[in-house]
Amino acid sequence: MQHVYQSPAFFDGSAATPLRTVRRANCQLSQYAHLPLATVLRKLGTQHQGLSFTDVLNRLMKQGLNRIAVKKGSAPDLAAYAKLMSQQSCMVRRQNPVAGHEGSYQGKVSASLLVPGDMVLLGAGDWVPADVRLISQDNLVLERMVLQAWPDSCAMGDKVIAGTAQAVVVATGEHTLLSLLLHMPQQQQRTAQEHHSLVASWRHSLLRVLGSCAAMLVAGGLALHSAASHAETELSLYGTLDTGMSWTRISGAGHRTGLEEGGQTDSLWGLRGQEDIGGGTYVNFKLEGGLNLLTGSAEEPDRLFNYQSWLGLSNEQWGELRFGRQYTVGQEFVSELEIAGWKDFGMGALMRASDNYQVSSAATWISPEWSGFQLGVTHSRDVGERDWEKNRKQVYSVAGRYENGPWQVATSYERLQRVSVDADKARAPQALQVALSYDFGSVRLATAWSRQQNGFVGRNGEEAPASLESIGLDGLGPEEFVNGGRLDTWYLGAAVELGGGEVQLQWALGKPNWTWEDTGSKARKMQVMSLGYVYPLSPRTSLYAFAAHGKHYDPENVVTAAEPHSNRVAVGLTHHF
């Protein structure tokens with residue numbers, strides 16, 4: 001288990017930077033953090049025994065020393081870290097120390113001689129000498145140089161308080177997170193300094209208290225954890241907390257003002273783990289559950305891990321297998337291109353096959369990455385959770401994605417087994433989705449299209465015929481939709497960096513083709529639009545505000561014969577841990 005607490009010694013306003021800059025702009029740490037370990041090693045051209053001395057020499061000549069140039073006017077605290085790092089040494093593991101000698105060598109070298117792909121061994125009192133991806137850890141406790149939102153990663157300047165770890169270097173010198181923060185434009189540094197100076201005194205006091213509490217918790221936790229620790233096993237606790245204030249009005253239903261749960265993203269917590277079982281194969285698992293931050297209750301009281309609960313195997317050669325409750329590959333691949341996930345007004349508002357939904361008793365295969373391409377398949381034989389009862393239904397999801405520099409493309413097709421309403425003709429709910437995005441650096445653009453037929457395949461439309469609810473297929477949508485209806489949707493989104501934060505704009509148009517039985521009128525086109533702004537207070541915490549409007553759109557049921565207009569204005573705070 002990795003225990004982390006934030007250092008109060010150097011972290012002040014000058015170390016703050018916009019969240020997007022840290023996560024995306026030439027930050028290799030963020031890119032490698034979300035890849036399977038086998039893929040990380042393959043991309044870096046290394047292995048657990050380390051690099052050969054020839055490889056190290058070639059990479060030093062190509063990439064230079066692991067040092068950061070400190071320019072005049074740089075933030076003093078970060079400049080102090082950069083100078084300190086250049087004076088450190090570290091323990092490394094490398095192959096073939098002398099000609100003709102097989103095996104690996106462990107010894108101390110100057111941190112300035114590290115290259116990407118090097119294997120470093122960390123122990124209590126060590127400074128993390130470069131940006132690294134953790135391979136294994138045992139009771140690791142870190143004092144962070146700056147908080148990061150990425151799993152199983154450490155940045156240059158972090159310090160090991162207790163425990164041990166093995167890690168692979170993913171970035172050195174000018175490509176590290178510390179260098180990125182150090183060379184942040186001075187105007188952003190001044191803005192951040194002005195903001196953080198207002199809260200510096202109470203934050204430092206609070207962090208000292210939290211540091212003391214963490215030390216006491218670690219002292220008690222280390223003894224309990226040590227018996228279960230294994231040199232090649234990883235376990236991480238993570239989560240997201242989101243809450244704020246909102247004003248919502250739905251025509252014909254009045255308005256509501258008050259605290260809002262999950263305005264920007266769902267609040268959740270989870271555990272993820274990985275074990276190296278040899279031969280480039282890993283055992284992986286993830287347990288993830290939603291929660292209501294306002295009441296402290298689970299999002300689904302009868303299901304602890306309602307978002308994900310799966311166990312699987314992964315290998316660099318054949319990809320990853322997962323078994324259990326999980327997102328479909330279609331939902332996972334396409335939703336990555338969404339600009340903003342405002343509650344009830346994001347891309348998934350009308351494109352329900354990319355909204356937040358999961359499938360139980362599912363098996364998923366995700367392929368290795370082939371020159372930017374990746375494929376995936378999800379199948380469940382019991383999507384309605386009927387167990388051994390009759391009327392069990394199957395669902396299939398097939399998806400692919402491609403990433404090449406600033407370009408991202410994703411497509412998916414999902415199909416539920418045929419269902420019928422009141423002995424009518426049986427039809428198969430299905431959804432086809434295509435999405436494209438391009439990142440210009442300071443501007444991101446995204447567009448998508450979907451065709452949903454015979455109901456919402458994700459069963460996340462709230463409303464459903466009563467006869468289908470009895471077999472676990474609630475949420476397919478109104479009867480007119482399930483009985484041969486079609487909903488075509490177009491989506492456009494843009495994100496623009498402004499004032500240290502990001503302006504986010506979205507618009508979606510939905511065109512249904514059915515006629516409402518109660519009124520005899522043709523279903524009208526729907527529109528969902530939003531304008532928001534996200535301002536990062538740190539790499540983990542952000543403030544947000546947004547205004548959204550839905551025309552002939554019901555946030556609760558998506559499509560209804562009432563076809564109301566809906567509006568929402570909200571402000572809130574999001575924190576990742």
# chains A, B, ... in the order shown; residues from 1 in each chain; ligands from 1
$ residues_around --residues "Arg444 (chain A)" --least-positions-apart "4" --cutoff "10 Å" --atoms "only C-alpha atoms" --output "number ranges by chain"
A: 337, 339, 406, 437-440, 493-497, 504
$ select_by_dssp --residues "region 324-500 of chain A" --states "alpha helix (DSSP H)" --output "list in words"
Val329, Gly330, Gln331, Glu332, Phe333, Val334, Ser335, Ala466, Ser467, Leu468, Glu469, Glu479, Glu480, Phe481 and Val482 of chain A
$ write_last_selection --atoms "N, CA and C atoms" --output "mmCIF file, in the first residue's frame"
data_model
loop_
_atom_site.group_PDB
_atom_site.id
_atom_site.type_symbol
_atom_site.label_atom_id
_atom_site.label_comp_id
_atom_site.auth_asym_id
_atom_site.auth_seq_id
_atom_site.Cartn_x
_atom_site.Cartn_y
_atom_site.Cartn_z
ATOM 1 N N VAL A 329 -16.537 -1.666 -23.530
ATOM 2 C CA VAL A 329 -15.457 -1.011 -24.272
ATOM 3 C C VAL A 329 -15.999 0.161 -25.094
ATOM 4 N N GLY A 330 -17.244 0.056 -25.554
ATOM 5 C CA GLY A 330 -17.840 1.160 -26.299
ATOM 6 C C GLY A 330 -17.971 2.405 -25.457
ATOM 7 N N GLN A 331 -18.498 2.242 -24.235
ATOM 8 C CA GLN A 331 -18.619 3.379 -23.337
ATOM 9 C C GLN A 331 -17.249 3.935 -22.989
ATOM 10 N N GLU A 332 -16.290 3.063 -22.700
ATOM 11 C CA GLU A 332 -14.964 3.489 -22.263
ATOM 12 C C GLU A 332 -14.211 4.231 -23.365
ATOM 13 N N PHE A 333 -14.223 3.720 -24.577
ATOM 14 C CA PHE A 333 -13.438 4.311 -25.659
ATOM 15 C C PHE A 333 -14.005 5.656 -26.106
ATOM 16 N N VAL A 334 -15.318 5.727 -26.325
ATOM 17 C CA VAL A 334 -15.921 6.936 -26.891
ATOM 18 C C VAL A 334 -15.996 8.063 -25.866
ATOM 19 N N SER A 335 -16.299 7.740 -24.606
ATOM 20 C CA SER A 335 -16.455 8.792 -23.591
ATOM 21 C C SER A 335 -15.146 9.537 -23.324
ATOM 22 N N ALA A 466 -43.275 -1.300 -18.185
ATOM 23 C CA ALA A 466 -43.293 -2.103 -16.959
ATOM 24 C C ALA A 466 -42.951 -3.559 -17.216
ATOM 25 N N SER A 467 -43.326 -4.071 -18.377
ATOM 26 C CA SER A 467 -43.065 -5.481 -18.667
ATOM 27 C C SER A 467 -41.585 -5.779 -18.798
ATOM 28 N N LEU A 468 -40.779 -4.780 -19.117
ATOM 29 C CA LEU A 468 -39.346 -4.979 -19.248
ATOM 30 C C LEU A 468 -38.627 -4.817 -17.912
ATOM 31 N N GLU A 469 -39.178 -4.003 -17.037
ATOM 32 C CA GLU A 469 -38.566 -3.812 -15.728
ATOM 33 C C GLU A 469 -38.533 -5.123 -14.940
ATOM 34 N N GLU A 479 -41.901 3.510 -24.543
ATOM 35 C CA GLU A 479 -42.350 2.403 -25.381
ATOM 36 C C GLU A 479 -42.250 2.738 -26.862
ATOM 37 N N GLU A 480 -42.513 3.991 -27.217
ATOM 38 C CA GLU A 480 -42.432 4.383 -28.634
ATOM 39 C C GLU A 480 -41.010 4.211 -29.181
ATOM 40 N N PHE A 481 -40.027 4.435 -28.329
ATOM 41 C CA PHE A 481 -38.632 4.279 -28.727
ATOM 42 C C PHE A 481 -38.266 2.803 -28.834
ATOM 43 N N VAL A 482 -38.703 2.009 -27.845
ATOM 44 C CA VAL A 482 -38.362 0.586 -27.818
ATOM 45 C C VAL A 482 -39.014 -0.158 -28.985
#
$ select_by_dssp --residues "region 338-462 of chain A" --states "strand (DSSP E or B)" --output "PyMOL selection string"
chain A and resi 359-366+370+373-380+395-404+407-416+419+427+430-439+443-453
$ residues_around --residues "Met529 (chain A)" --least-positions-apart "2" --cutoff "8 Å" --atoms "only C-alpha atoms" --output "JSON, numbers by chain"
{"A": [345, 505, 506, 507, 508, 527, 531, 548, 549, 550]}
$ write_last_selection --atoms "C-alpha atoms" --output "CSV table (one decimal), in the first residue's frame"
chain,number,residue,atom,x,y,z
A,345,PHE,CA,-25.7,18.0,-19.7
A,505,LEU,CA,-18.4,24.7,-24.7
A,506,GLN,CA,-20.7,21.9,-25.8
A,507,TRP,CA,-23.8,21.4,-28.1
A,508,ALA,CA,-25.7,18.4,-29.0
A,527,GLN,CA,-30.9,20.3,-28.0
A,531,LEU,CA,-20.9,26.8,-21.3
A,548,ALA,CA,-26.7,24.6,-19.3
A,549,HIS,CA,-29.9,24.5,-21.3
A,550,GLY,CA,-32.0,21.7,-22.7
$ residues_around --residues "region 509-513 of chain A" --least-positions-apart "5" --cutoff "7 Å" --atoms "only C-alpha atoms" --output "list in words"
Leu350, Gly485, Arg486, Leu487, Asp488, Thr489, Trp490, Tyr491, Ala523, Arg524, Lys525, Met526, Gln527 and Val528 of chain A
$ atom_distance --atom1 "CA of Leu44 (chain A)" --atom2 "CA of Leu140 (chain A)"
24.2 Å
$ residues_around --residues "Pro116 (chain A)" --least-positions-apart "2" --cutoff "8 Å" --atoms "only C-alpha atoms" --output "list of chain:residue names"
A:Leu44, A:Arg59, A:Leu114, A:Asp118, A:Val168, A:Val169, A:Val170, A:Ala171, A:Thr172
$ residues_around --residues "region 552-558 of chain A" --least-positions-apart "3" --cutoff "7 Å" --atoms "only C-alpha atoms" --output "PyMOL selection string"
chain A and resi 344+461-463+526+563-566
$ residues_around --residues "region 283-300 of chain A" --least-positions-apart "4" --cutoff "8 Å" --atoms "only C-alpha atoms" --output "number ranges by chain"
A: 241-243, 259, 261, 266-277, 304-314
$ closest_residue --among "A:Gln106, A:Ser153, A:Ser251, A:Ser179" --to "Glu234 (chain A)" --atoms "only C-alpha atoms"
A:Ser153
